[in-house]
file data.pdb (PDB, C-alpha atoms (C1' of nucleotides))
ATOM      1  CA  MET A   1      77.110  44.681 153.466
ATOM      2  CA  LYS A   2      79.641  46.909 151.716
ATOM      3  CA  ILE A   3      78.908  50.248 150.113
ATOM      4  CA  GLY A   4      78.540  48.937 146.566
ATOM      5  CA  GLU A   5      75.801  46.559 147.566
ATOM      6  CA  VAL A   6      73.877  48.932 149.806
ATOM      7  CA  ALA A   7      74.092  51.637 147.148
ATOM      8  CA  SER A   8      72.775  49.512 144.307
ATOM      9  CA  ARG A   9      70.072  48.002 146.501
ATOM     10  CA  ALA A  10      68.918  51.452 147.628
ATOM     11  CA  GLY A  11      69.122  52.846 144.136
ATOM     12  CA  VAL A  12      71.638  55.572 144.878
ATOM     13  CA  SER A  13      75.273  56.003 143.913
ATOM     14  CA  GLN A  14      78.142  55.142 146.234
ATOM     15  CA  ARG A  15      79.073  58.792 145.982
ATOM     16  CA  MET A  16      75.738  59.817 147.464
ATOM     17  CA  VAL A  17      75.891  57.222 150.237
ATOM     18  CA  ARG A  18      79.156  58.776 151.397
ATOM     19  CA  HIS A  19      77.705  62.235 150.909
ATOM     20  CA  TYR A  20      74.611  61.501 153.003
ATOM     21  CA  GLU A  21      76.913  60.226 155.705
ATOM     22  CA  SER A  22      79.049  63.360 155.574
ATOM     23  CA  ILE A  23      76.040  65.631 156.069
ATOM     24  CA  GLY A  24      74.583  63.477 158.819
ATOM     25  CA  LEU A  25      71.582  62.142 156.928
ATOM     26  CA  ILE A  26      72.597  58.569 157.707
ATOM     27  CA  PRO A  27      74.673  57.434 160.703
ATOM     28  CA  ARG A  28      78.341  56.621 160.303
ATOM     29  CA  PRO A  29      78.414  52.861 159.684
ATOM     30  CA  LEU A  30      80.708  50.361 161.343
ATOM     31  CA  ARG A  31      84.071  49.842 159.708
ATOM     32  CA  ARG A  32      85.751  46.522 158.982
ATOM     33  CA  ASP A  33      89.414  46.017 159.818
ATOM     34  CA  SER A  34      90.124  47.001 156.233
ATOM     35  CA  GLY A  35      88.430  50.347 156.762
ATOM     36  CA  TYR A  36      85.520  49.383 154.501
ATOM     37  CA  ARG A  37      82.116  50.660 155.571
ATOM     38  CA  ASP A  38      79.755  47.910 156.745
ATOM     39  CA  TYR A  39      76.024  48.521 156.423
ATOM     40  CA  SER A  40      73.032  46.918 158.137
ATOM     41  CA  ASP A  41      69.557  46.267 156.770
ATOM     42  CA  GLU A  42      68.386  49.231 158.791
ATOM     43  CA  ASP A  43      70.899  51.455 157.010
ATOM     44  CA  LEU A  44      69.567  50.142 153.711
ATOM     45  CA  HIS A  45      66.005  50.931 154.758
ATOM     46  CA  ARG A  46      66.992  54.462 155.696
ATOM     47  CA  LEU A  47      68.756  54.954 152.362
ATOM     48  CA  ARG A  48      65.699  53.746 150.508
ATOM     49  CA  PHE A  49      63.569  56.231 152.410
ATOM     50  CA  ILE A  50      65.951  58.988 151.371
ATOM     51  CA  ALA A  51      65.926  57.819 147.748
ATOM     52  CA  ASN A  52      62.124  57.787 147.685
ATOM     53  CA  ALA A  53      61.913  61.289 149.122
ATOM     54  CA  ARG A  54      64.540  62.496 146.677
ATOM     55  CA  ASP A  55      62.568  60.990 143.793
ATOM     56  CA  LEU A  56      59.650  63.139 144.904
ATOM     57  CA  GLY A  57      61.876  66.190 144.689
ATOM     58  CA  PHE A  58      62.246  66.912 148.391
ATOM     59  CA  PRO A  59      65.355  68.976 149.136
ATOM     60  CA  ILE A  60      67.880  67.609 151.613
ATOM     61  CA  GLU A  61      66.750  69.627 154.611
ATOM     62  CA  GLU A  62      63.154  68.520 154.147
ATOM     63  CA  ILE A  63      64.316  64.935 153.842
ATOM     64  CA  ARG A  64      66.156  65.426 157.104
ATOM     65  CA  ALA A  65      62.904  66.609 158.679
ATOM     66  CA  LEU A  66      60.993  63.677 157.183
ATOM     67  CA  LEU A  67      63.527  61.234 158.621
ATOM     68  CA  THR A  68      63.004  62.774 162.035
ATOM     69  CA  LEU A  69      59.235  62.461 161.658
ATOM     70  CA  TRP A  70      59.657  58.869 160.505
ATOM     71  CA  SER A  71      61.384  57.876 163.722
ATOM     72  CA  ASP A  72      59.194  60.013 165.952
ATOM     73  CA  ARG A  73      56.377  57.925 167.316
ATOM     74  CA  ASP A  74      54.714  60.942 168.886
ATOM     75  CA  ARG A  75      54.394  63.009 165.733
ATOM     76  CA  SER A  76      50.977  63.512 164.238
ATOM     77  CA  SER A  77      50.098  62.766 160.637
ATOM     78  CA  ALA A  78      49.316  66.492 160.418
ATOM     79  CA  ASP A  79      53.025  67.230 160.862
ATOM     80  CA  VAL A  80      53.903  65.046 157.896
ATOM     81  CA  LYS A  81      51.062  66.312 155.747
ATOM     82  CA  HIS A  82      52.068  69.894 156.444
ATOM     83  CA  LEU A  83      55.548  69.230 155.046
ATOM     84  CA  ALA A  84      54.127  67.402 152.058
ATOM     85  CA  LEU A  85      51.673  70.189 151.224
ATOM     86  CA  ALA A  86      54.430  72.789 151.432
ATOM     87  CA  HIS A  87      56.479  70.758 148.994
ATOM     88  CA  ILE A  88      53.524  70.355 146.651
ATOM     89  CA  ALA A  89      53.160  74.136 146.659
ATOM     90  CA  ALA A  90      56.869  74.515 145.875
ATOM     91  CA  LEU A  91      56.525  72.086 142.968
ATOM     92  CA  GLU A  92      53.547  74.032 141.667
ATOM     93  CA  ASP A  93      55.468  77.288 141.882
ATOM     94  CA  LYS A  94      58.251  75.801 139.793
ATOM     95  CA  MET A  95      55.809  74.443 137.263
ATOM     96  CA  ARG A  96      54.118  77.819 136.966
ATOM     97  CA  ALA A  97      57.457  79.519 136.363
ATOM     98  CA  LEU A  98      58.431  76.988 133.715
ATOM     99  CA  GLY A  99      54.994  77.230 132.139
ATOM    100  CA  ALA A 100      55.300  81.005 131.821
ATOM    101  CA  MET A 101      58.674  80.640 130.133
ATOM    102  CA  GLN A 102      57.340  77.958 127.855
ATOM    103  CA  LYS A 103      54.303  80.000 126.843
ATOM    104  CA  THR A 104      56.345  83.098 126.054
ATOM    105  CA  LEU A 105      58.816  81.117 124.017
ATOM    106  CA  ARG A 106      56.080  79.127 122.323
ATOM    107  CA  ASP A 107      54.386  82.344 121.190
ATOM    108  CA  LEU A 108      57.664  83.670 119.868
ATOM    109  CA  ALA A 109      58.457  80.432 118.086
ATOM    110  CA  ASP A 110      54.993  80.388 116.529
ATOM    111  CA  SER A 111      55.582  83.841 115.115
ATOM    112  CA  CYS A 112      58.945  82.843 113.664
ATOM    113  CA  ARG A 113      58.793  81.390 110.178
ATOM    114  CA  GLY A 114      61.837  79.244 110.760
ATOM    115  CA  ASP A 115      62.954  79.342 107.169
ATOM    116  CA  SER A 116      66.112  80.411 105.382
ATOM    117  CA  HIS A 117      65.457  84.106 105.925
ATOM    118  CA  ALA A 118      67.194  86.099 108.644
ATOM    119  CA  ASN A 119      64.164  87.897 110.078
ATOM    120  CA  CYS A 120      63.399  86.351 113.448
ATOM    121  CA  PRO A 121      60.994  87.611 116.134
ATOM    122  CA  ILE A 122      62.678  85.382 118.733
ATOM    123  CA  ILE A 123      66.042  87.113 118.454
ATOM    124  CA  GLU A 124      64.326  90.478 118.239
ATOM    125  CA  ALA A 125      62.451  89.854 121.460
ATOM    126  CA  LEU A 126      65.641  88.805 123.228
ATOM    127  CA  ALA A 127      67.381  91.914 121.927
ATOM    128  CA  GLY A 128      64.557  94.002 123.355
ATOM    129  CA  ASN A 129      63.132  95.179 120.045
ATOM    130  CA  ASP A 130      59.565  95.152 121.267
ATOM    131  CA  ASP A 131      57.325  94.347 118.340
ATOM    132  CA  SER A 132      54.083  94.311 120.315
ATOM    133  CA  GLY A 133      51.435  96.815 119.241
TER     134      GLY A 133
ATOM    135  CA  MET B   1      79.133 103.825 132.710
ATOM    136  CA  LYS B   2      80.375 101.922 135.754
ATOM    137  CA  ILE B   3      79.358  98.420 136.739
ATOM    138  CA  GLY B   4      76.675  99.473 139.222
ATOM    139  CA  GLU B   5      74.790 101.432 136.612
ATOM    140  CA  VAL B   6      75.081  98.909 133.792
ATOM    141  CA  ALA B   7      74.026  96.139 136.164
ATOM    142  CA  SER B   8      70.921  97.865 137.476
ATOM    143  CA  ARG B   9      69.952  99.048 133.998
ATOM    144  CA  ALA B  10      70.310  95.530 132.584
ATOM    145  CA  GLY B  11      68.535  93.994 135.549
ATOM    146  CA  VAL B  12      71.369  91.741 136.658
ATOM    147  CA  SER B  13      73.641  91.822 139.678
ATOM    148  CA  GLN B  14      77.153  93.230 139.555
ATOM    149  CA  ARG B  15      78.285  89.765 140.533
ATOM    150  CA  MET B  16      76.776  88.320 137.376
ATOM    151  CA  VAL B  17      78.191  91.056 135.144
ATOM    152  CA  ARG B  18      81.680  90.087 136.317
ATOM    153  CA  HIS B  19      80.791  86.417 135.983
ATOM    154  CA  TYR B  20      79.578  86.788 132.404
ATOM    155  CA  GLU B  21      82.829  88.554 131.644
ATOM    156  CA  SER B  22      84.871  85.777 133.225
ATOM    157  CA  ILE B  23      83.201  83.110 131.098
ATOM    158  CA  GLY B  24      83.448  85.176 127.928
ATOM    159  CA  LEU B  25      79.746  85.914 127.492
ATOM    160  CA  ILE B  26      80.471  89.635 127.328
ATOM    161  CA  PRO B  27      83.736  91.234 126.202
ATOM    162  CA  ARG B  28      86.206  92.592 128.750
ATOM    163  CA  PRO B  29      85.287  96.276 129.073
ATOM    164  CA  LEU B  30      87.699  99.190 129.051
ATOM    165  CA  ARG B  31      89.191 100.152 132.386
ATOM    166  CA  ARG B  32      89.530 103.653 133.805
ATOM    167  CA  ASP B  33      92.793 104.771 135.385
ATOM    168  CA  SER B  34      91.266 103.721 138.682
ATOM    169  CA  GLY B  35      90.808 100.188 137.425
ATOM    170  CA  TYR B  36      87.024 100.579 137.329
ATOM    171  CA  ARG B  37      85.257  98.808 134.466
ATOM    172  CA  ASP B  38      83.728 101.208 131.931
ATOM    173  CA  TYR B  39      80.740 100.019 129.897
ATOM    174  CA  SER B  40      79.245 101.218 126.624
ATOM    175  CA  ASP B  41      75.626 101.240 125.526
ATOM    176  CA  GLU B  42      76.431  98.239 123.364
ATOM    177  CA  ASP B  43      77.621  96.343 126.448
ATOM    178  CA  LEU B  44      74.357  97.242 128.147
ATOM    179  CA  HIS B  45      72.381  95.969 125.167
ATOM    180  CA  ARG B  46      74.269  92.693 125.233
ATOM    181  CA  LEU B  47      73.660  92.298 128.953
ATOM    182  CA  ARG B  48      69.953  92.932 128.471
ATOM    183  CA  PHE B  49      69.863  90.243 125.789
ATOM    184  CA  ILE B  50      71.502  87.839 128.219
ATOM    185  CA  ALA B  51      69.072  88.786 130.982
ATOM    186  CA  ASN B  52      66.089  88.225 128.696
ATOM    187  CA  ALA B  53      67.357  84.821 127.613
ATOM    188  CA  ARG B  54      68.070  83.883 131.212
ATOM    189  CA  ASP B  55      64.537  84.916 132.196
ATOM    190  CA  LEU B  56      63.292  82.421 129.618
ATOM    191  CA  GLY B  57      65.368  79.735 131.321
ATOM    192  CA  PHE B  58      68.038  79.285 128.671
ATOM    193  CA  PRO B  59      71.212  77.759 130.120
ATOM    194  CA  ILE B  60      74.478  79.644 129.661
ATOM    195  CA  GLU B  61      75.766  77.654 126.703
ATOM    196  CA  GLU B  62      72.522  78.174 124.794
ATOM    197  CA  ILE B  63      72.682  81.870 125.574
ATOM    198  CA  ARG B  64      76.192  81.839 124.167
ATOM    199  CA  ALA B  65      74.841  80.258 120.974
ATOM    200  CA  LEU B  66      71.989  82.766 120.827
ATOM    201  CA  LEU B  67      74.452  85.650 121.138
ATOM    202  CA  THR B  68      76.394  84.230 118.217
ATOM    203  CA  LEU B  69      73.203  83.946 116.168
ATOM    204  CA  TRP B  70      72.263  87.479 117.161
ATOM    205  CA  SER B  71      75.419  88.906 115.631
ATOM    206  CA  ASP B  72      75.428  86.588 112.634
ATOM    207  CA  ARG B  73      73.753  88.298 109.708
ATOM    208  CA  ASP B  74      73.900  85.145 107.620
ATOM    209  CA  ARG B  75      72.041  82.885 110.010
ATOM    210  CA  SER B  76      68.560  81.803 109.110
ATOM    211  CA  SER B  77      65.543  82.192 111.367
ATOM    212  CA  ALA B  78      65.376  78.386 111.230
ATOM    213  CA  ASP B  79      68.631  78.244 113.199
ATOM    214  CA  VAL B  80      67.145  80.359 115.960
ATOM    215  CA  LYS B  81      63.822  78.580 115.961
ATOM    216  CA  HIS B  82      65.582  75.223 116.214
ATOM    217  CA  LEU B  83      67.306  76.320 119.413
ATOM    218  CA  ALA B  84      64.088  77.748 120.800
ATOM    219  CA  LEU B  85      62.105  74.589 120.097
ATOM    220  CA  ALA B  86      64.759  72.452 121.761
ATOM    221  CA  HIS B  87      64.536  74.644 124.840
ATOM    222  CA  ILE B  88      60.744  74.467 124.830
ATOM    223  CA  ALA B  89      61.047  70.685 124.804
ATOM    224  CA  ALA B  90      63.477  70.823 127.723
ATOM    225  CA  LEU B  91      61.058  73.009 129.673
ATOM    226  CA  GLU B  92      58.245  70.581 128.959
ATOM    227  CA  ASP B  93      60.365  67.667 130.146
ATOM    228  CA  LYS B  94      61.011  69.434 133.421
ATOM    229  CA  MET B  95      57.347  70.270 133.831
ATOM    230  CA  ARG B  96      56.373  66.675 133.202
ATOM    231  CA  ALA B  97      58.848  65.468 135.832
ATOM    232  CA  LEU B  98      57.582  67.985 138.372
ATOM    233  CA  GLY B  99      53.989  67.123 137.514
ATOM    234  CA  ALA B 100      54.600  63.449 138.152
ATOM    235  CA  MET B 101      56.112  64.219 141.547
ATOM    236  CA  GLN B 102      53.275  66.549 142.370
ATOM    237  CA  LYS B 103      50.617  64.014 141.421
ATOM    238  CA  THR B 104      52.183  61.224 143.448
ATOM    239  CA  LEU B 105      52.540  63.450 146.459
ATOM    240  CA  ARG B 106      49.085  64.918 146.009
ATOM    241  CA  ASP B 107      47.564  61.426 146.027
ATOM    242  CA  LEU B 108      49.484  60.535 149.161
ATOM    243  CA  ALA B 109      48.500  63.771 150.875
ATOM    244  CA  ASP B 110      44.857  63.201 149.961
ATOM    245  CA  SER B 111      44.977  59.814 151.630
ATOM    246  CA  CYS B 112      46.513  61.238 154.785
ATOM    247  CA  ARG B 113      44.032  62.468 157.347
ATOM    248  CA  GLY B 114      46.423  65.097 158.642
ATOM    249  CA  ASP B 115      45.084  64.968 162.158
ATOM    250  CA  SER B 116      46.588  64.304 165.559
ATOM    251  CA  HIS B 117      46.990  60.587 164.945
ATOM    252  CA  ALA B 118      50.308  59.028 163.990
ATOM    253  CA  ASN B 119      49.136  56.864 161.105
ATOM    254  CA  CYS B 120      50.375  58.432 157.901
ATOM    255  CA  PRO B 121      50.364  56.973 154.370
ATOM    256  CA  ILE B 122      52.913  59.552 153.249
ATOM    257  CA  ILE B 123      55.606  58.351 155.621
ATOM    258  CA  GLU B 124      54.661  54.755 154.921
ATOM    259  CA  ALA B 125      55.100  55.251 151.198
ATOM    260  CA  LEU B 126      58.495  56.865 151.722
ATOM    261  CA  ALA B 127      59.518  53.995 153.976
ATOM    262  CA  GLY B 128      58.542  51.573 151.239
ATOM    263  CA  ASN B 129      55.566  50.048 153.015
ATOM    264  CA  ASP B 130      53.553  49.642 149.855
ATOM    265  CA  ASP B 131      49.873  49.972 150.698
ATOM    266  CA  SER B 132      48.594  49.628 147.142
ATOM    267  CA  GLY B 133      46.123  46.816 146.502
TER     268      GLY B 133
ATOM    269  C1'  DC C   1     101.458  35.829 142.955
ATOM    270  C1'  DT C   2      98.797  38.218 139.688
ATOM    271  C1'  DT C   3      94.685  40.214 138.082
ATOM    272  C1'  DG C   4      90.626  42.576 138.445
ATOM    273  C1'  DA C   5      86.914  44.280 141.046
ATOM    274  C1'  DC C   6      86.047  46.755 144.911
ATOM    275  C1'  DT C   7      86.968  50.283 148.445
ATOM    276  C1'  DC C   8      89.267  54.331 150.668
ATOM    277  C1'  DT C   9      90.094  59.656 150.873
ATOM    278  C1'  DG C  10      90.422  63.967 148.824
ATOM    279  C1'  DA C  11      89.863  67.104 145.366
ATOM    280  C1'  DC C  12      87.854  69.406 141.380
ATOM    281  C1'  DA C  13      83.714  70.334 138.306
ATOM    282  C1'  DT C  14      79.033  71.485 137.379
ATOM    283  C1'  DC C  15      75.308  76.100 137.238
ATOM    284  C1'  DA C  16      73.957  80.499 138.568
ATOM    285  C1'  DT C  17      74.209  83.101 142.209
ATOM    286  C1'  DG C  18      74.961  85.269 146.988
ATOM    287  C1'  DT C  19      77.956  86.771 150.487
ATOM    288  C1'  DT C  20      81.916  88.380 152.732
ATOM    289  C1'  DA C  21      86.492  90.175 153.481
ATOM    290  C1'  DA C  22      90.069  93.419 152.790
ATOM    291  C1'  DG C  23      91.362  97.052 150.326
ATOM    292  C1'  DG C  24      91.348 101.169 146.696
ATOM    293  C1'  DT C  25      88.591 105.330 144.498
ATOM    294  C1'  DG C  26      85.912 109.330 144.284
ATOM    295  C1'  DC C  27      83.001 112.856 145.672
ATOM    296  C1'  DA C  28      80.852 115.928 149.013
ATOM    297  C1'  DA C  29      80.337 117.947 153.380
ATOM    298  C1'  DA C  30      82.351 119.641 157.632
TER     299       DA C  30
ATOM    300  C1'  DT D   1      92.258 118.899 154.844
ATOM    301  C1'  DT D   2      90.063 115.341 156.886
ATOM    302  C1'  DT D   3      86.285 112.473 157.405
ATOM    303  C1'  DG D   4      82.804 109.657 155.723
ATOM    304  C1'  DC D   5      80.064 107.257 152.637
ATOM    305  C1'  DA D   6      79.055 105.042 148.427
ATOM    306  C1'  DC D   7      81.175 102.777 145.002
ATOM    307  C1'  DC D   8      84.657  99.839 142.933
ATOM    308  C1'  DT D   9      88.458  96.002 142.977
ATOM    309  C1'  DT D  10      89.885  90.868 143.594
ATOM    310  C1'  DA D  11      89.553  86.594 145.849
ATOM    311  C1'  DA D  12      87.439  83.153 148.263
ATOM    312  C1'  DC D  13      83.712  80.351 150.176
ATOM    313  C1'  DA D  14      78.864  78.752 149.973
ATOM    314  C1'  DT D  15      74.741  76.729 147.976
ATOM    315  C1'  DG D  16      72.436  71.500 146.083
ATOM    316  C1'  DA D  17      73.052  67.186 144.304
ATOM    317  C1'  DT D  18      75.924  64.840 141.854
ATOM    318  C1'  DG D  19      79.881  63.141 138.709
ATOM    319  C1'  DT D  20      84.522  62.063 138.033
ATOM    320  C1'  DC D  21      89.290  61.422 138.687
ATOM    321  C1'  DA D  22      93.668  60.234 141.011
ATOM    322  C1'  DG D  23      96.427  57.509 143.946
ATOM    323  C1'  DA D  24      96.399  54.015 147.191
ATOM    324  C1'  DG D  25      94.773  49.992 149.867
ATOM    325  C1'  DT D  26      91.817  45.336 150.081
ATOM    326  C1'  DC D  27      90.152  41.117 148.750
ATOM    327  C1'  DA D  28      88.826  37.033 146.295
ATOM    328  C1'  DA D  29      89.507  34.023 142.476
ATOM    329  C1'  DG D  30      92.558  31.947 139.268
TER     330       DG D  30
END
call {"tool": "encode", "arguments": {"input": "data.pdb", "output": "structure tokens"}}
result
Amino acid sequence: MKIGEVASRAGVSQRMVRHYESIGLIPRPLRRDSGYRDYSDEDLHRLRFIANARDLGFPIEEIRALLTLWSDRDRSSADVKHLALAHIAALEDKMRALGAMQKTLRDLADSCRGDSHANCPIIEALAGNDDSG
Amino acid sequence: MKIGEVASRAGVSQRMVRHYESIGLIPRPLRRDSGYRDYSDEDLHRLRFIANARDLGFPIEEIRALLTLWSDRDRSSADVKHLALAHIAALEDKMRALGAMQKTLRDLADSCRGDSHANCPIIEALAGNDDSG
DNA sequence: CTTGACTCTGACATCATGTTAAGGTGCAAA
DNA sequence: TTTGCACCTTAACATGATGTCAGAGTCAAG
């Protein structure tokens, strides 16, 4: 199948199919006489795997590792779980960071009247005019 | 003061000081005969404002808007609060997305024994072998 | 044959930041 | 004075994942 079909069936853009090829995440497909890429069902399966991992937020290099584990019959489930747990921890770190930002800003917003007057604790906090205490 | 001092005092890298200048977030500073940039206390204050906003996760264009509001005596606190609330909502959207990923992956990891055997629900889910039901 | 949908490559843009290279400046010690 | 080090300059390339655009070639249907 051509790139448009494999891309839509895998749920990724044609741009990303070519990109994954360029960074070696998927093998270079056969080419027709026209030069068009020609994909197999196995290529499609591999792209879907990548799309699923990407949807779970795995970065490219971890997806590369997961693909290796996928095709490695000798790997243990512990190897996979280890990668997954590390990614869960990374997700939690990001959530904590965002949560801290959100809480700080929420507190500032709560203390701002948000009316027609100019006085605004949010701007003052950003400017470093520490009003605490 | 020179760029090294203003940068360390504002808590940003020299690289970012030059970058903020190049995108018009801070004014072009005076230059010494040597060509060195020469910053005022006001420049430092502005950089600190930017650093604070950045620490709260505001993207550059929102920081640009906040800087405008900061120097606008006629703006209402409602204008500032509106921007802050929009950013809080954006942060919450990101947290929700990360939380969904984390939950999915957590469930998969919980169902994976993580031992020396090859069988692994995590890899199977990524490969699209739907085990639900 | 024309038209339109598809494909090709290559390049530029995003966002915030780091790094590196090659060179100029300035100050202090030898 | 010369040497040396810390600092500054610009410019360019890199990240990660993706979009978009331009200019050209392919193909199938009308």
call {"tool": "closest_residue", "arguments": {"input": "data.pdb", "among": "A:Arg64, A:Arg9, A:His117, A:His87", "to": "Lys103 (chain B)", "atoms": "all atoms listed in the file"}}
result
A:His87
call {"tool": "residues_near_point", "arguments": {"input": "data.pdb", "point": "(62.9, 69.7, 129.4)", "cutoff": "12 Å", "atoms": "all atoms listed in the file", "output": "ChimeraX atom specification"}}
result
/A:95,98-99,101-102 /B:57-59,84-98
call {"tool": "resolve_selection", "arguments": {"input": "data.pdb", "expression": "the PyMOL selection byres ((chain C and resi 30) around 12)", "output": "list in words"}}
result
DA28 and DA29 of chain C; DT1, DT2, DT3 and DG4 of chain D
call {"tool": "closest_atom_pairs", "arguments": {"input": "data.pdb", "of": "chain A", "to": "chain D", "cutoff": "12 Å", "atoms": "all atoms listed in the file", "output": "JSON lines"}}
result
{"residue": "A:Val12", "atom": "CA", "partner": "D:DT18", "partner_atom": "C1'", "distance": 10.6}
{"residue": "A:Ser13", "atom": "CA", "partner": "D:DT18", "partner_atom": "C1'", "distance": 9.1}
{"residue": "A:Gln14", "atom": "CA", "partner": "D:DT18", "partner_atom": "C1'", "distance": 10.9}
{"residue": "A:Arg15", "atom": "CA", "partner": "D:DT18", "partner_atom": "C1'", "distance": 8.0}
{"residue": "A:Met16", "atom": "CA", "partner": "D:DT18", "partner_atom": "C1'", "distance": 7.5}
{"residue": "A:Val17", "atom": "CA", "partner": "D:DT18", "partner_atom": "C1'", "distance": 11.3}
{"residue": "A:Arg18", "atom": "CA", "partner": "D:DT18", "partner_atom": "C1'", "distance": 11.8}
{"residue": "A:His19", "atom": "CA", "partner": "D:DA17", "partner_atom": "C1'", "distance": 9.5}
{"residue": "A:Tyr20", "atom": "CA", "partner": "D:DA17", "partner_atom": "C1'", "distance": 10.5}
{"residue": "A:Arg32", "atom": "CA", "partner": "D:DT26", "partner_atom": "C1'", "distance": 10.8}
{"residue": "A:Asp33", "atom": "CA", "partner": "D:DT26", "partner_atom": "C1'", "distance": 10.1}
{"residue": "A:Ser34", "atom": "CA", "partner": "D:DT26", "partner_atom": "C1'", "distance": 6.6}
{"residue": "A:Gly35", "atom": "CA", "partner": "D:DT26", "partner_atom": "C1'", "distance": 9.0}
{"residue": "A:Tyr36", "atom": "CA", "partner": "D:DT26", "partner_atom": "C1'", "distance": 8.7}
{"residue": "A:Arg54", "atom": "CA", "partner": "D:DA17", "partner_atom": "C1'", "distance": 10.0}
{"residue": "A:Gly57", "atom": "CA", "partner": "D:DA17", "partner_atom": "C1'", "distance": 11.2}
{"residue": "A:Phe58", "atom": "CA", "partner": "D:DG16", "partner_atom": "C1'", "distance": 11.4}
{"residue": "A:Pro59", "atom": "CA", "partner": "D:DG16", "partner_atom": "C1'", "distance": 8.1}
{"residue": "A:Ile60", "atom": "CA", "partner": "D:DG16", "partner_atom": "C1'", "distance": 8.2}
{"residue": "A:Glu61", "atom": "CA", "partner": "D:DG16", "partner_atom": "C1'", "distance": 10.4}
call {"tool": "atom_distance", "arguments": {"input": "data.pdb", "atom1": "CA of Glu124 (chain A)", "atom2": "CA of Pro27 (chain B)"}}
result
21.0 Å
call {"tool": "closest_atom_pairs", "arguments": {"input": "data.pdb", "of": "chain A", "to": "chain B", "cutoff": "8 Å", "atoms": "only C-alpha atoms", "output": "tab-separated table"}}
result
residue	atom	partner	partner_atom	distance
A:His45	CA	B:Ala127	CA	7.2
A:Arg46	CA	B:Ala127	CA	7.7
A:Arg48	CA	B:Ala127	CA	7.1
A:Phe49	CA	B:Ala127	CA	4.9
A:Ile50	CA	B:Leu126	CA	7.8
A:Asn52	CA	B:Leu126	CA	5.5
A:Ala53	CA	B:Leu126	CA	6.2
A:Asp55	CA	B:Met101	CA	7.6
A:Leu56	CA	B:Met101	CA	5.0
A:Gly57	CA	B:Met101	CA	6.9
A:Leu66	CA	B:Ile123	CA	7.7
A:Trp70	CA	B:Ile123	CA	6.4
A:Arg73	CA	B:Ala118	CA	7.0
A:Asp74	CA	B:Ala118	CA	6.9
A:Arg75	CA	B:Ala118	CA	6.0
A:Ser76	CA	B:Ala118	CA	4.5
A:Ser77	CA	B:Gly114	CA	4.8
A:Ala78	CA	B:Gly114	CA	3.7
A:Asp79	CA	B:Gly114	CA	7.3
A:Val80	CA	B:Ile122	CA	7.3
A:Lys81	CA	B:Gly114	CA	5.6
A:His82	CA	B:Gly114	CA	7.7
A:Ala84	CA	B:Ala109	CA	6.8
A:Leu85	CA	B:Ala109	CA	7.2
A:Ile88	CA	B:Gln102	CA	5.7
A:Leu91	CA	B:Leu98	CA	6.2
A:Glu92	CA	B:Gln102	CA	7.5
A:Lys94	CA	B:Leu98	CA	8.0
A:Met95	CA	B:Met95	CA	5.6
A:Leu98	CA	B:Leu91	CA	6.3
A:Gly99	CA	B:Met95	CA	7.5
A:Met101	CA	B:Leu56	CA	5.0
A:Gln102	CA	B:Ile88	CA	5.7
A:Thr104	CA	B:Leu56	CA	7.8
A:Leu105	CA	B:Ile88	CA	7.0
A:Arg106	CA	B:Ile88	CA	7.1
A:Ala109	CA	B:Lys81	CA	6.1
A:Cys112	CA	B:Lys81	CA	6.9
A:Arg113	CA	B:Ser77	CA	6.9
A:Gly114	CA	B:Ala78	CA	3.7
A:Asp115	CA	B:Ala78	CA	4.8
A:Ser116	CA	B:Ser76	CA	4.7
A:His117	CA	B:Ser76	CA	5.0
A:Ala118	CA	B:Ser76	CA	4.5
A:Asn119	CA	B:Ser77	CA	6.0
A:Cys120	CA	B:Ser77	CA	5.1
A:Ile122	CA	B:Val80	CA	7.3
A:Ile123	CA	B:Trp70	CA	6.4
A:Leu126	CA	B:Phe49	CA	5.1
A:Ala127	CA	B:Phe49	CA	4.9
A:Gly128	CA	B:Phe49	CA	6.9
call {"tool": "atom_distance", "arguments": {"input": "data.pdb", "atom1": "C1' of DT19 (chain C)", "atom2": "CA of Ala10 (chain B)"}}
result
21.3 Å
call {"tool": "interface_residues", "arguments": {"input": "data.pdb", "of": "chain C", "to": "chain A", "cutoff": "9 Å", "atoms": "all atoms listed in the file", "output": "VMD selection string"}}
result
chain C and resid 6 to 8
call {"tool": "atom_distance", "arguments": {"input": "data.pdb", "atom1": "CA of Ala65 (chain A)", "atom2": "CA of Gly24 (chain A)"}}
result
12.1 Å
